[in-house]
Amino acid sequence: MQSLDEFATAKLGELERSSLRRALVDTTRMPGLWVLRDGRQLLSFCCNDYLNLSHHPAVKEAAIAALRRYGVGAGASRFVSGNHPLLGELEARLARLKETDTACVFGSGYLANLGIIPALIGRGDLVLIDELAHACLWAGARLAHAEIVPFRHADVRHADALLTELRRHHRRVLIATDGVFSMDGDIAPLPSLAALAQRHDAWLMSDDAHGLGVVGGGRGSNFVAPSKADVPLQMGTLSKALGAYGGYLCASAAVVDLIRNRARTVIYSTGLPPAMVAAAIAALDIIERDPAYAALPLAKAKAFARLARLPEPVSPIVPVLLGEAEASLKASRFLEDEGFLVVAIRPPTVPMGTARLRLTFTAQHPDHEVERLAALVRTRILAHAPASAAEAQ
Ligand SMILES: Cc1ncc(COP(=O)(O)O)c(C=O)c1O
C-alpha cells in the first residue's frame, strides 16, 4: 500500500502549494443562522438553508412524527421494499408547484443529475452545457457517454451557433444549465434557451437547486417574471430552501415513467428516509402559503449589495470576486475574526483566477448584521482588492 499513500501525499502536497487543499472544520448549526466553531459563535452567510426551514418547528415536527411512525431509513430501493406513500404525496406537491404532470424524487440533487441524463441521452447524442453549470450536471453528462460541448456562460447566441453547426450530427440533444447559478447567483436566460431548444429540436434541462423556494414567487427560476419559461426537465433539490434532503425531477408523465424505469440512481439506490420526505412536504406547505416569506432572502441580498456597492443580485447568492485563492482565504479568515462565517470558493469549484467569497442570504439574517458585514466587505476587503477583481465583479 506504500505507493498508494505516496500518491495521496504527493497529490495533497500539490493542492497545498496552490492553496487548494480543503479541510473539514467541525461546525455545529444552531437555530437561526448561528454556528459554533472552535468554541466561538459565528453568524453564517454560507448556508443554502435560504428560508431557515431546517429549524422551522412545523418542518421538524413533520420529520419527527414520520420518524416515530415509519422508522429511520427506507430499508431498500423503492422498487424492492415498496414505494412509501409519502413519496407519491411529495411528488404530486412538487409537480403542482412546478406545473408539470408529475415528478420523481431522488436520494439527492447530485444523484438526480447522475440518473436523469444517462437515462435520456447516450452515445452519439450531444449535451450542450453552460460552461458554469454545476459539477453534477457535468458528471451526469459524462456518465451518459454523449459528446459534451460547453457554451459560453448564459450566451444564447453562442449556444445557437453551436447547435446550427452540430445539431445534424446527433440524434438527440440535451441543453443543460443551472437555473440559478450556484457560485455566481445569476439566473439562466431560460425563456430564450427554451425557444432555442424548440427551434433545434433539443431538450432543455434546468437544475434549479438554488431557485426553488427563493425566486419566481418561490416556484423557481423558470417562473421569474416577466415570462414563464417552458422547461420540460425541471430538476432540483430538497436540500437547500426546503431545509431537508433529496433531489427531484419535475416533467411529463411519460418522461417521469421512463426515468423511474431507467435512472440507475432511482432503481439501485435506497429510497429517501420517510422523515426527509415528510419534512420536504411541510416545507412546501410554508413556501406555497407564504410567498412574501420566500421573497425575504433576495431582499436581504439586495440590501447587502447596495451597501457593499456591488451589482444588484437577482438571487440570494452574492459573489465577491477576489481573483486569487489566497486572497479569498485571507478575506474569509478576516470575516471569521469579525464573527462571520463566509466561505472562500476556489478552483476547481470556480474557474482559475476567479476565487471569491460566496455569500448566501436567508430570510432570518438580522438586518443590522447584514449592514455590518456590508461595511466590512466594502471598506476592508474590496477597498484592498486588485483592480482586476473589481472589474470582474
Ligand atoms: C446547482 C446545484 N445542483 C445540484 C446540487 C446538488 O444537490 P444536493 O446537495 O441535493 O446533492 C447542488 C448543491 O450542492 C447545486 O448547487
# chains A, B, ... in the order shown; residues from 1 in each chain; ligands from 1
>>> select_by_dssp(residues="range 196-365 of chain A", states="helix (DSSP H, G or I)", output="compact mmCIF listing (two decimals) with all heavy atoms, in the first residue's frame")
# COMPACT_ATOMS: atom_id res chain seq x y z
N LEU A 196 -34.83 28.44 -28.11
CA LEU A 196 -33.72 27.85 -28.87
C LEU A 196 -33.89 26.32 -28.98
O LEU A 196 -33.73 25.73 -30.05
CB LEU A 196 -32.41 28.18 -28.16
CG LEU A 196 -31.13 27.73 -28.82
CD1 LEU A 196 -30.83 28.63 -30.01
CD2 LEU A 196 -29.97 27.77 -27.83
N ALA A 197 -34.21 25.72 -27.84
CA ALA A 197 -34.38 24.26 -27.81
C ALA A 197 -35.50 23.85 -28.77
O ALA A 197 -35.37 22.89 -29.53
CB ALA A 197 -34.69 23.80 -26.39
N GLN A 198 -36.56 24.61 -28.74
CA GLN A 198 -37.70 24.33 -29.62
C GLN A 198 -37.27 24.40 -31.09
O GLN A 198 -37.58 23.50 -31.88
CB GLN A 198 -38.77 25.39 -29.35
CG GLN A 198 -40.07 25.18 -30.08
CD GLN A 198 -41.14 24.76 -29.10
OE1 GLN A 198 -41.22 25.32 -28.02
NE2 GLN A 198 -41.91 23.76 -29.45
N ARG A 199 -36.53 25.46 -31.42
CA ARG A 199 -36.10 25.66 -32.82
C ARG A 199 -35.22 24.53 -33.33
O ARG A 199 -35.28 24.16 -34.49
CB ARG A 199 -35.31 26.97 -32.91
CG ARG A 199 -36.11 28.09 -33.49
CD ARG A 199 -35.34 29.26 -34.05
NE ARG A 199 -34.06 29.60 -33.52
CZ ARG A 199 -33.85 30.33 -32.44
NH1 ARG A 199 -34.89 30.75 -31.74
NH2 ARG A 199 -32.64 30.63 -32.05
N HIS A 200 -34.38 24.00 -32.43
CA HIS A 200 -33.41 22.98 -32.87
C HIS A 200 -33.82 21.56 -32.48
O HIS A 200 -33.00 20.65 -32.55
CB HIS A 200 -32.03 23.29 -32.27
CG HIS A 200 -31.38 24.51 -32.84
ND1 HIS A 200 -30.68 24.51 -34.02
CD2 HIS A 200 -31.34 25.78 -32.40
CE1 HIS A 200 -30.21 25.73 -34.26
NE2 HIS A 200 -30.60 26.53 -33.30
N SER A 221 -36.67 29.37 -10.88
CA SER A 221 -36.16 30.32 -11.87
C SER A 221 -36.96 30.34 -13.17
O SER A 221 -36.96 31.35 -13.87
CB SER A 221 -34.69 30.00 -12.18
OG SER A 221 -34.56 28.66 -12.55
N ASN A 222 -37.66 29.26 -13.49
CA ASN A 222 -38.43 29.34 -14.73
C ASN A 222 -39.77 30.06 -14.54
O ASN A 222 -40.54 30.19 -15.47
CB ASN A 222 -38.62 27.96 -15.39
CG ASN A 222 -39.08 26.93 -14.42
OD1 ASN A 222 -38.61 26.91 -13.29
ND2 ASN A 222 -40.00 26.08 -14.82
N PHE A 223 -40.01 30.56 -13.32
CA PHE A 223 -41.21 31.35 -13.07
C PHE A 223 -40.87 32.82 -12.81
O PHE A 223 -41.71 33.58 -12.37
CB PHE A 223 -41.99 30.77 -11.88
CG PHE A 223 -42.60 29.43 -12.19
CD1 PHE A 223 -41.88 28.27 -12.00
CD2 PHE A 223 -43.89 29.33 -12.71
CE1 PHE A 223 -42.42 27.03 -12.31
CE2 PHE A 223 -44.44 28.10 -13.02
CZ PHE A 223 -43.70 26.94 -12.81
N ALA A 253 -45.63 13.03 -17.66
CA ALA A 253 -45.87 11.68 -17.13
C ALA A 253 -44.99 10.65 -17.84
O ALA A 253 -44.40 9.77 -17.21
CB ALA A 253 -47.35 11.33 -17.29
N ALA A 254 -44.87 10.78 -19.17
CA ALA A 254 -44.08 9.80 -19.93
C ALA A 254 -42.61 9.86 -19.53
O ALA A 254 -41.97 8.81 -19.33
CB ALA A 254 -44.24 10.06 -21.43
N VAL A 255 -42.08 11.09 -19.41
CA VAL A 255 -40.66 11.22 -19.08
C VAL A 255 -40.39 10.67 -17.67
O VAL A 255 -39.43 9.92 -17.46
CB VAL A 255 -40.21 12.70 -19.20
CG1 VAL A 255 -38.83 12.90 -18.59
CG2 VAL A 255 -40.21 13.13 -20.66
N VAL A 256 -41.26 11.00 -16.73
CA VAL A 256 -41.03 10.53 -15.36
C VAL A 256 -41.14 9.01 -15.31
O VAL A 256 -40.35 8.34 -14.62
CB VAL A 256 -42.00 11.23 -14.38
CG1 VAL A 256 -41.99 10.53 -13.02
CG2 VAL A 256 -41.60 12.69 -14.22
N ASP A 257 -42.07 8.45 -16.06
CA ASP A 257 -42.20 6.99 -16.08
C ASP A 257 -40.91 6.35 -16.62
O ASP A 257 -40.39 5.36 -16.08
CB ASP A 257 -43.41 6.61 -16.95
CG ASP A 257 -43.97 5.25 -16.56
OD1 ASP A 257 -43.42 4.64 -15.60
OD2 ASP A 257 -44.93 4.79 -17.20
N LEU A 258 -40.38 6.96 -17.68
CA LEU A 258 -39.13 6.44 -18.25
C LEU A 258 -37.99 6.56 -17.24
O LEU A 258 -37.19 5.63 -17.07
CB LEU A 258 -38.77 7.20 -19.54
CG LEU A 258 -37.47 6.75 -20.18
CD1 LEU A 258 -37.58 5.32 -20.72
CD2 LEU A 258 -37.05 7.70 -21.31
N ILE A 259 -37.93 7.70 -16.56
CA ILE A 259 -36.86 7.92 -15.57
C ILE A 259 -36.95 6.85 -14.47
O ILE A 259 -35.96 6.27 -14.06
CB ILE A 259 -36.96 9.34 -14.97
CG1 ILE A 259 -36.61 10.39 -16.02
CG2 ILE A 259 -36.11 9.50 -13.71
CD1 ILE A 259 -35.18 10.37 -16.50
N ARG A 260 -38.16 6.59 -14.02
CA ARG A 260 -38.32 5.56 -12.96
C ARG A 260 -37.86 4.19 -13.47
O ARG A 260 -37.40 3.36 -12.70
CB ARG A 260 -39.78 5.48 -12.52
CG ARG A 260 -40.18 6.67 -11.69
CD ARG A 260 -41.55 6.47 -11.09
NE ARG A 260 -41.91 7.66 -10.34
CZ ARG A 260 -43.10 8.21 -10.34
NH1 ARG A 260 -44.09 7.66 -11.04
NH2 ARG A 260 -43.33 9.29 -9.63
N ASN A 261 -38.00 3.96 -14.75
CA ASN A 261 -37.60 2.67 -15.32
C ASN A 261 -36.12 2.58 -15.67
O ASN A 261 -35.58 1.50 -15.78
CB ASN A 261 -38.43 2.38 -16.58
CG ASN A 261 -39.78 1.79 -16.22
OD1 ASN A 261 -39.86 0.60 -15.97
ND2 ASN A 261 -40.79 2.62 -16.16
N ARG A 262 -35.50 3.77 -15.93
CA ARG A 262 -34.15 3.74 -16.48
C ARG A 262 -33.08 4.38 -15.58
O ARG A 262 -31.90 4.09 -15.76
CB ARG A 262 -34.12 4.49 -17.83
CG ARG A 262 -34.92 3.85 -18.95
CD ARG A 262 -34.15 2.77 -19.72
NE ARG A 262 -32.82 3.19 -20.14
CZ ARG A 262 -32.54 3.82 -21.27
NH1 ARG A 262 -33.51 4.14 -22.11
NH2 ARG A 262 -31.30 4.12 -21.58
N ARG A 264 -30.59 4.82 -13.02
CA ARG A 264 -29.96 3.84 -12.13
C ARG A 264 -29.91 4.34 -10.69
O ARG A 264 -29.90 3.54 -9.75
CB ARG A 264 -28.55 3.50 -12.64
CG ARG A 264 -28.60 2.86 -14.02
CD ARG A 264 -27.21 2.69 -14.61
NE ARG A 264 -26.44 1.66 -13.93
CZ ARG A 264 -26.53 0.36 -14.19
NH1 ARG A 264 -27.36 -0.07 -15.12
NH2 ARG A 264 -25.80 -0.51 -13.53
N THR A 265 -29.87 5.67 -10.52
CA THR A 265 -29.80 6.19 -9.14
C THR A 265 -31.16 6.16 -8.44
O THR A 265 -31.24 6.41 -7.24
CB THR A 265 -29.23 7.63 -9.14
OG1 THR A 265 -29.98 8.42 -10.05
CG2 THR A 265 -27.77 7.65 -9.53
N VAL A 266 -32.22 5.87 -9.19
CA VAL A 266 -33.52 5.60 -8.54
C VAL A 266 -33.62 4.10 -8.26
O VAL A 266 -33.96 3.67 -7.16
CB VAL A 266 -34.71 6.01 -9.44
CG1 VAL A 266 -36.03 5.60 -8.79
CG2 VAL A 266 -34.70 7.50 -9.70
N ILE A 267 -33.30 3.32 -9.28
CA ILE A 267 -33.56 1.87 -9.20
C ILE A 267 -32.61 1.18 -8.21
O ILE A 267 -33.03 0.33 -7.43
CB ILE A 267 -33.42 1.24 -10.60
CG1 ILE A 267 -34.43 1.89 -11.55
CG2 ILE A 267 -33.64 -0.27 -10.55
CD1 ILE A 267 -34.20 1.57 -13.02
N PRO A 274 -38.27 8.33 5.20
CA PRO A 274 -39.60 8.95 5.28
C PRO A 274 -39.59 10.30 6.03
O PRO A 274 -40.35 11.21 5.67
CB PRO A 274 -40.44 7.92 6.05
CG PRO A 274 -39.71 6.62 5.87
CD PRO A 274 -38.27 6.93 5.66
N ALA A 275 -38.72 10.43 7.03
CA ALA A 275 -38.69 11.70 7.78
C ALA A 275 -38.29 12.86 6.86
O ALA A 275 -38.81 13.98 6.99
CB ALA A 275 -37.71 11.59 8.95
N MET A 276 -37.38 12.61 5.92
CA MET A 276 -36.95 13.67 5.00
C MET A 276 -38.09 14.04 4.05
O MET A 276 -38.29 15.20 3.70
CB MET A 276 -35.74 13.21 4.17
CG MET A 276 -34.44 13.30 4.89
SD MET A 276 -34.13 14.97 5.51
CE MET A 276 -34.30 14.71 7.24
N VAL A 277 -38.83 13.01 3.64
CA VAL A 277 -39.94 13.25 2.71
C VAL A 277 -41.02 14.09 3.42
O VAL A 277 -41.53 15.08 2.87
CB VAL A 277 -40.52 11.91 2.22
CG1 VAL A 277 -41.63 12.14 1.21
CG2 VAL A 277 -39.42 11.04 1.62
N ALA A 278 -41.32 13.71 4.65
CA ALA A 278 -42.34 14.46 5.41
C ALA A 278 -41.88 15.90 5.64
O ALA A 278 -42.67 16.85 5.55
CB ALA A 278 -42.60 13.75 6.74
N ALA A 279 -40.60 16.08 5.93
CA ALA A 279 -40.07 17.43 6.17
C ALA A 279 -40.20 18.27 4.90
O ALA A 279 -40.60 19.45 4.94
CB ALA A 279 -38.61 17.36 6.60
N ALA A 280 -39.89 17.67 3.75
CA ALA A 280 -39.96 18.42 2.48
C ALA A 280 -41.41 18.82 2.18
O ALA A 280 -41.66 19.94 1.70
CB ALA A 280 -39.39 17.57 1.34
N ILE A 281 -42.35 17.95 2.49
CA ILE A 281 -43.77 18.29 2.25
C ILE A 281 -44.17 19.47 3.15
O ILE A 281 -44.81 20.43 2.70
CB ILE A 281 -44.68 17.07 2.51
CG1 ILE A 281 -44.40 15.97 1.48
CG2 ILE A 281 -46.16 17.47 2.49
CD1 ILE A 281 -45.07 14.63 1.77
N ALA A 282 -43.74 19.42 4.41
CA ALA A 282 -44.08 20.52 5.34
C ALA A 282 -43.44 21.83 4.87
O ALA A 282 -44.04 22.90 4.97
CB ALA A 282 -43.61 20.16 6.75
N ALA A 283 -42.23 21.74 4.33
CA ALA A 283 -41.55 22.94 3.83
C ALA A 283 -42.30 23.52 2.62
O ALA A 283 -42.45 24.74 2.49
CB ALA A 283 -40.11 22.61 3.47
N LEU A 284 -42.77 22.63 1.74
CA LEU A 284 -43.52 23.11 0.58
C LEU A 284 -44.80 23.80 1.02
O LEU A 284 -45.21 24.80 0.41
CB LEU A 284 -43.86 21.93 -0.35
CG LEU A 284 -42.71 21.43 -1.23
CD1 LEU A 284 -43.11 20.15 -1.96
CD2 LEU A 284 -42.27 22.49 -2.24
N ASP A 285 -45.43 23.30 2.08
CA ASP A 285 -46.63 23.97 2.63
C ASP A 285 -46.31 25.42 2.92
O ASP A 285 -47.07 26.33 2.58
CB ASP A 285 -47.04 23.32 3.97
CG ASP A 285 -47.78 22.01 3.78
OD1 ASP A 285 -48.27 21.77 2.67
OD2 ASP A 285 -47.84 21.23 4.76
N ILE A 286 -45.18 25.65 3.58
CA ILE A 286 -44.82 27.01 4.00
C ILE A 286 -44.56 27.90 2.78
O ILE A 286 -45.03 29.04 2.69
CB ILE A 286 -43.60 26.97 4.94
CG1 ILE A 286 -43.98 26.26 6.23
CG2 ILE A 286 -43.07 28.38 5.24
CD1 ILE A 286 -42.80 25.81 7.08
N ILE A 287 -43.83 27.36 1.82
CA ILE A 287 -43.48 28.15 0.62
C ILE A 287 -44.74 28.51 -0.16
O ILE A 287 -44.91 29.64 -0.62
CB ILE A 287 -42.48 27.36 -0.25
CG1 ILE A 287 -41.13 27.30 0.47
CG2 ILE A 287 -42.32 27.99 -1.62
CD1 ILE A 287 -40.14 26.34 -0.14
N GLU A 288 -45.65 27.55 -0.29
CA GLU A 288 -46.87 27.82 -1.06
C GLU A 288 -47.78 28.81 -0.34
O GLU A 288 -48.43 29.63 -0.96
CB GLU A 288 -47.63 26.51 -1.31
CG GLU A 288 -47.01 25.70 -2.45
CD GLU A 288 -47.86 24.51 -2.86
OE1 GLU A 288 -48.47 23.88 -1.97
OE2 GLU A 288 -47.90 24.22 -4.06
N ARG A 289 -47.79 28.72 0.99
CA ARG A 289 -48.68 29.58 1.78
C ARG A 289 -48.16 31.00 1.86
O ARG A 289 -48.93 31.93 1.99
CB ARG A 289 -48.75 28.97 3.20
CG ARG A 289 -50.13 28.76 3.70
CD ARG A 289 -50.21 28.32 5.14
NE ARG A 289 -49.02 28.33 5.95
CZ ARG A 289 -48.46 27.25 6.48
NH1 ARG A 289 -48.97 26.07 6.25
NH2 ARG A 289 -47.39 27.37 7.25
N PRO A 291 -45.62 33.40 0.01
CA PRO A 291 -44.62 33.88 -0.96
C PRO A 291 -43.85 35.11 -0.46
O PRO A 291 -42.69 35.32 -0.86
CB PRO A 291 -45.44 34.21 -2.21
CG PRO A 291 -46.86 33.92 -1.91
CD PRO A 291 -46.99 33.38 -0.52
N ALA A 292 -44.46 35.87 0.45
CA ALA A 292 -43.75 37.06 0.96
C ALA A 292 -42.53 36.61 1.77
O ALA A 292 -41.46 37.23 1.72
CB ALA A 292 -44.68 37.89 1.84
N TYR A 293 -42.66 35.51 2.49
CA TYR A 293 -41.52 34.98 3.26
C TYR A 293 -40.43 34.49 2.30
O TYR A 293 -39.24 34.72 2.51
CB TYR A 293 -42.00 33.84 4.17
CG TYR A 293 -40.93 33.31 5.10
CD1 TYR A 293 -40.40 34.11 6.10
CD2 TYR A 293 -40.44 32.01 4.94
CE1 TYR A 293 -39.39 33.62 6.93
CE2 TYR A 293 -39.44 31.52 5.77
CZ TYR A 293 -38.92 32.34 6.77
OH TYR A 293 -37.91 31.87 7.59
N ALA A 294 -40.89 33.85 1.21
CA ALA A 294 -39.93 33.33 0.21
C ALA A 294 -39.15 34.47 -0.46
O ALA A 294 -38.08 34.25 -1.00
CB ALA A 294 -40.66 32.49 -0.83
N LEU A 296 -37.93 37.09 1.11
CA LEU A 296 -37.00 37.75 2.04
C LEU A 296 -35.52 37.53 1.74
O LEU A 296 -34.74 38.49 1.81
CB LEU A 296 -37.30 37.32 3.48
CG LEU A 296 -38.53 37.97 4.12
CD1 LEU A 296 -38.76 37.42 5.53
CD2 LEU A 296 -38.37 39.48 4.17
N PRO A 297 -35.06 36.31 1.41
CA PRO A 297 -33.62 36.14 1.17
C PRO A 297 -33.09 37.08 0.07
O PRO A 297 -32.03 37.69 0.22
CB PRO A 297 -33.48 34.67 0.77
CG PRO A 297 -34.67 34.00 1.38
CD PRO A 297 -35.77 35.02 1.36
N LEU A 298 -33.85 37.20 -1.01
CA LEU A 298 -33.40 38.08 -2.10
C LEU A 298 -33.40 39.54 -1.63
O LEU A 298 -32.47 40.31 -1.96
CB LEU A 298 -34.30 37.90 -3.34
CG LEU A 298 -33.99 38.81 -4.52
CD1 LEU A 298 -32.52 38.71 -4.95
CD2 LEU A 298 -34.89 38.50 -5.71
N ALA A 299 -34.40 39.92 -0.85
CA ALA A 299 -34.44 41.31 -0.36
C ALA A 299 -33.21 41.60 0.50
O ALA A 299 -32.58 42.67 0.40
CB ALA A 299 -35.72 41.54 0.45
N LYS A 300 -32.80 40.64 1.33
CA LYS A 300 -31.61 40.84 2.19
C LYS A 300 -30.35 40.91 1.32
O LYS A 300 -29.45 41.71 1.58
CB LYS A 300 -31.45 39.68 3.17
CG LYS A 300 -32.67 39.44 4.03
CD LYS A 300 -32.51 39.92 5.44
CE LYS A 300 -33.83 39.75 6.16
NZ LYS A 300 -33.92 40.32 7.45
N ALA A 301 -30.28 40.08 0.29
CA ALA A 301 -29.11 40.09 -0.60
C ALA A 301 -29.01 41.44 -1.29
O ALA A 301 -27.91 42.01 -1.44
CB ALA A 301 -29.23 38.97 -1.63
N LYS A 302 -30.15 41.98 -1.71
CA LYS A 302 -30.14 43.27 -2.40
C LYS A 302 -29.69 44.38 -1.45
O LYS A 302 -28.91 45.27 -1.83
CB LYS A 302 -31.53 43.60 -2.95
CG LYS A 302 -31.87 42.81 -4.20
CD LYS A 302 -33.20 43.26 -4.76
CE LYS A 302 -33.51 42.48 -6.03
NZ LYS A 302 -34.83 42.74 -6.56
N ALA A 303 -30.17 44.33 -0.20
CA ALA A 303 -29.77 45.36 0.77
C ALA A 303 -28.26 45.30 0.99
O ALA A 303 -27.57 46.33 1.02
CB ALA A 303 -30.52 45.14 2.09
N PHE A 304 -27.73 44.10 1.13
CA PHE A 304 -26.28 43.93 1.32
C PHE A 304 -25.51 44.52 0.14
O PHE A 304 -24.56 45.29 0.30
CB PHE A 304 -25.94 42.44 1.47
CG PHE A 304 -24.47 42.16 1.36
CD1 PHE A 304 -23.64 42.33 2.46
CD2 PHE A 304 -23.91 41.77 0.15
CE1 PHE A 304 -22.26 42.10 2.34
CE2 PHE A 304 -22.55 41.55 0.03
CZ PHE A 304 -21.72 41.71 1.13
N ALA A 305 -25.92 44.15 -1.07
CA ALA A 305 -25.17 44.56 -2.27
C ALA A 305 -25.19 46.09 -2.41
O ALA A 305 -24.19 46.69 -2.80
CB ALA A 305 -25.77 43.90 -3.50
N ARG A 306 -26.34 46.67 -2.08
CA ARG A 306 -26.43 48.14 -2.16
C ARG A 306 -25.39 48.77 -1.24
O ARG A 306 -24.63 49.65 -1.62
CB ARG A 306 -27.84 48.55 -1.77
CG ARG A 306 -28.28 49.88 -2.32
CD ARG A 306 -29.78 50.13 -2.20
NE ARG A 306 -30.34 49.74 -0.91
CZ ARG A 306 -31.21 48.76 -0.73
NH1 ARG A 306 -31.62 48.04 -1.76
NH2 ARG A 306 -31.67 48.46 0.46
N LEU A 307 -25.32 48.27 -0.01
CA LEU A 307 -24.41 48.86 0.99
C LEU A 307 -22.95 48.54 0.67
O LEU A 307 -22.05 49.35 0.95
CB LEU A 307 -24.76 48.33 2.39
CG LEU A 307 -26.12 48.79 2.91
CD1 LEU A 307 -26.51 47.99 4.14
CD2 LEU A 307 -26.11 50.28 3.21
N ALA A 308 -22.70 47.37 0.09
CA ALA A 308 -21.31 46.99 -0.22
C ALA A 308 -20.87 47.55 -1.58
O ALA A 308 -19.74 47.36 -1.99
CB ALA A 308 -21.17 45.47 -0.22
N ALA A 325 -6.80 32.47 -5.08
CA ALA A 325 -7.31 31.64 -3.99
C ALA A 325 -6.87 32.19 -2.64
O ALA A 325 -7.66 32.27 -1.68
CB ALA A 325 -6.83 30.20 -4.18
N GLU A 326 -5.60 32.61 -2.56
CA GLU A 326 -5.06 33.07 -1.29
C GLU A 326 -5.81 34.31 -0.78
O GLU A 326 -6.09 34.44 0.41
CB GLU A 326 -3.55 33.35 -1.45
CG GLU A 326 -2.81 33.71 -0.18
CD GLU A 326 -3.09 32.77 0.99
OE1 GLU A 326 -3.21 31.55 0.78
OE2 GLU A 326 -3.21 33.28 2.14
N ALA A 327 -6.17 35.21 -1.71
CA ALA A 327 -6.89 36.44 -1.32
C ALA A 327 -8.26 36.08 -0.75
O ALA A 327 -8.72 36.69 0.23
CB ALA A 327 -7.04 37.35 -2.54
N SER A 328 -8.91 35.08 -1.36
CA SER A 328 -10.25 34.72 -0.86
C SER A 328 -10.14 34.04 0.51
O SER A 328 -10.98 34.29 1.39
CB SER A 328 -10.98 33.84 -1.87
OG SER A 328 -10.33 32.59 -1.99
N LEU A 329 -9.09 33.24 0.71
CA LEU A 329 -8.92 32.60 2.03
C LEU A 329 -8.65 33.65 3.10
O LEU A 329 -9.18 33.60 4.22
CB LEU A 329 -7.75 31.61 1.98
CG LEU A 329 -8.00 30.32 1.20
CD1 LEU A 329 -6.73 29.50 1.11
CD2 LEU A 329 -9.11 29.49 1.87
N LYS A 330 -7.85 34.64 2.73
CA LYS A 330 -7.49 35.70 3.70
C LYS A 330 -8.76 36.50 4.08
O LYS A 330 -9.00 36.78 5.26
CB LYS A 330 -6.46 36.63 3.03
CG LYS A 330 -5.68 37.45 4.00
CD LYS A 330 -4.51 38.14 3.31
CE LYS A 330 -4.36 39.50 3.95
NZ LYS A 330 -3.91 40.53 3.05
N ALA A 331 -9.56 36.81 3.08
CA ALA A 331 -10.79 37.58 3.36
C ALA A 331 -11.74 36.76 4.24
O ALA A 331 -12.36 37.30 5.17
CB ALA A 331 -11.47 37.93 2.03
N SER A 332 -11.83 35.46 3.96
CA SER A 332 -12.70 34.60 4.76
C SER A 332 -12.23 34.55 6.22
O SER A 332 -13.03 34.63 7.16
CB SER A 332 -12.72 33.21 4.13
OG SER A 332 -13.41 32.32 4.93
N ARG A 333 -10.90 34.45 6.40
CA ARG A 333 -10.35 34.41 7.77
C ARG A 333 -10.61 35.73 8.49
O ARG A 333 -10.96 35.76 9.66
CB ARG A 333 -8.84 34.12 7.72
CG ARG A 333 -8.52 32.64 7.49
CD ARG A 333 -7.06 32.33 7.76
NE ARG A 333 -6.18 33.00 6.83
CZ ARG A 333 -5.69 32.43 5.71
NH1 ARG A 333 -6.00 31.19 5.41
NH2 ARG A 333 -4.88 33.10 4.91
N PHE A 334 -10.46 36.84 7.76
CA PHE A 334 -10.71 38.15 8.36
C PHE A 334 -12.16 38.25 8.85
O PHE A 334 -12.44 38.67 9.97
CB PHE A 334 -10.40 39.26 7.33
CG PHE A 334 -10.98 40.59 7.69
CD1 PHE A 334 -10.43 41.34 8.74
CD2 PHE A 334 -12.07 41.10 7.02
CE1 PHE A 334 -10.99 42.55 9.11
CE2 PHE A 334 -12.64 42.32 7.37
CZ PHE A 334 -12.08 43.04 8.42
N LEU A 335 -13.09 37.80 8.00
CA LEU A 335 -14.51 37.90 8.39
C LEU A 335 -14.81 36.97 9.56
O LEU A 335 -15.63 37.29 10.42
CB LEU A 335 -15.42 37.60 7.19
CG LEU A 335 -15.41 38.69 6.11
CD1 LEU A 335 -16.26 38.27 4.91
CD2 LEU A 335 -15.91 40.03 6.65
N GLU A 336 -14.12 35.84 9.60
CA GLU A 336 -14.34 34.93 10.74
C GLU A 336 -13.90 35.61 12.03
O GLU A 336 -14.57 35.50 13.06
CB GLU A 336 -13.58 33.62 10.50
CG GLU A 336 -13.96 32.58 11.53
CD GLU A 336 -13.52 31.17 11.17
OE1 GLU A 336 -13.41 30.85 9.98
OE2 GLU A 336 -13.31 30.39 12.12
N ASP A 337 -12.78 36.33 11.98
CA ASP A 337 -12.34 37.07 13.17
C ASP A 337 -13.39 38.10 13.60
O ASP A 337 -13.48 38.46 14.76
CB ASP A 337 -11.01 37.80 12.90
CG ASP A 337 -9.85 36.82 12.78
OD1 ASP A 337 -10.02 35.66 13.22
OD2 ASP A 337 -8.80 37.21 12.23
>>> residues_near_ligand(ligand="ligand 1", cutoff="9 Å", atoms="only C-alpha atoms and all ligand atoms", output="count of residues only")
36
>>> closest_residue(among="A:Lys98, A:His84, A:Arg68, A:Arg21", to="Asp230 in chain A", atoms="only C-alpha atoms")
A:Lys98
>>> select_by_dssp(residues="range 115-145 of chain A", states="strand (DSSP E)", output="list in words")
Leu126, Val127, Leu128, Ile129 and Asp130 of chain A
>>> closest_residue(among="A:Ala374, A:Gly39, A:Ala295, A:His158", to="Gly216 in chain A", atoms="only C-alpha atoms")
A:Ala295
>>> closest_residue(among="A:Leu94, A:Leu341, A:Leu376, A:Ala263", to="Leu36 in chain A", atoms="only C-alpha atoms")
A:Leu341
>>> residues_around(residues="Pro31 in chain A", least_positions_apart="3", cutoff="10 Å", atoms="only C-alpha atoms", output="ChimeraX atom specification")
/A:34-35,52-56
>>> closest_residue(among="A:Val173, A:Val215, A:Ala161, A:Val156", to="Pro191 in chain A", atoms="only C-alpha atoms")
A:Val156
>>> closest_residue(among="A:Gly73, A:Gly13, A:Pro118, A:Gly140", to="Thr270 in chain A", atoms="only C-alpha atoms")
A:Gly73
>>> decode(residues="range 308-312 of chain A", atoms="N, CA, C and O atoms", output="mmCIF file, in the first residue's frame")
data_model
loop_
_atom_site.group_PDB
_atom_site.id
_atom_site.type_symbol
_atom_site.label_atom_id
_atom_site.label_comp_id
_atom_site.auth_asym_id
_atom_site.auth_seq_id
_atom_site.Cartn_x
_atom_site.Cartn_y
_atom_site.Cartn_z
ATOM 1 N N ALA A 308 -22.703 47.366 0.090
ATOM 2 C CA ALA A 308 -21.309 46.986 -0.223
ATOM 3 C C ALA A 308 -20.874 47.548 -1.580
ATOM 4 O O ALA A 308 -19.742 47.362 -1.990
ATOM 5 N N ARG A 309 -21.814 48.228 -2.257
ATOM 6 C CA ARG A 309 -21.560 48.792 -3.605
ATOM 7 C C ARG A 309 -21.195 47.706 -4.607
ATOM 8 O O ARG A 309 -20.240 47.823 -5.373
ATOM 9 N N LEU A 310 -21.989 46.651 -4.590
ATOM 10 C CA LEU A 310 -21.836 45.557 -5.554
ATOM 11 C C LEU A 310 -23.044 45.580 -6.491
ATOM 12 O O LEU A 310 -24.084 46.159 -6.157
ATOM 13 N N PRO A 311 -22.939 44.942 -7.666
ATOM 14 C CA PRO A 311 -24.086 44.909 -8.577
ATOM 15 C C PRO A 311 -25.310 44.287 -7.904
ATOM 16 O O PRO A 311 -25.171 43.390 -7.062
ATOM 17 N N GLU A 312 -26.502 44.727 -8.311
ATOM 18 C CA GLU A 312 -27.730 44.216 -7.672
ATOM 19 C C GLU A 312 -27.917 42.728 -7.993
ATOM 20 O O GLU A 312 -27.920 42.334 -9.168
#
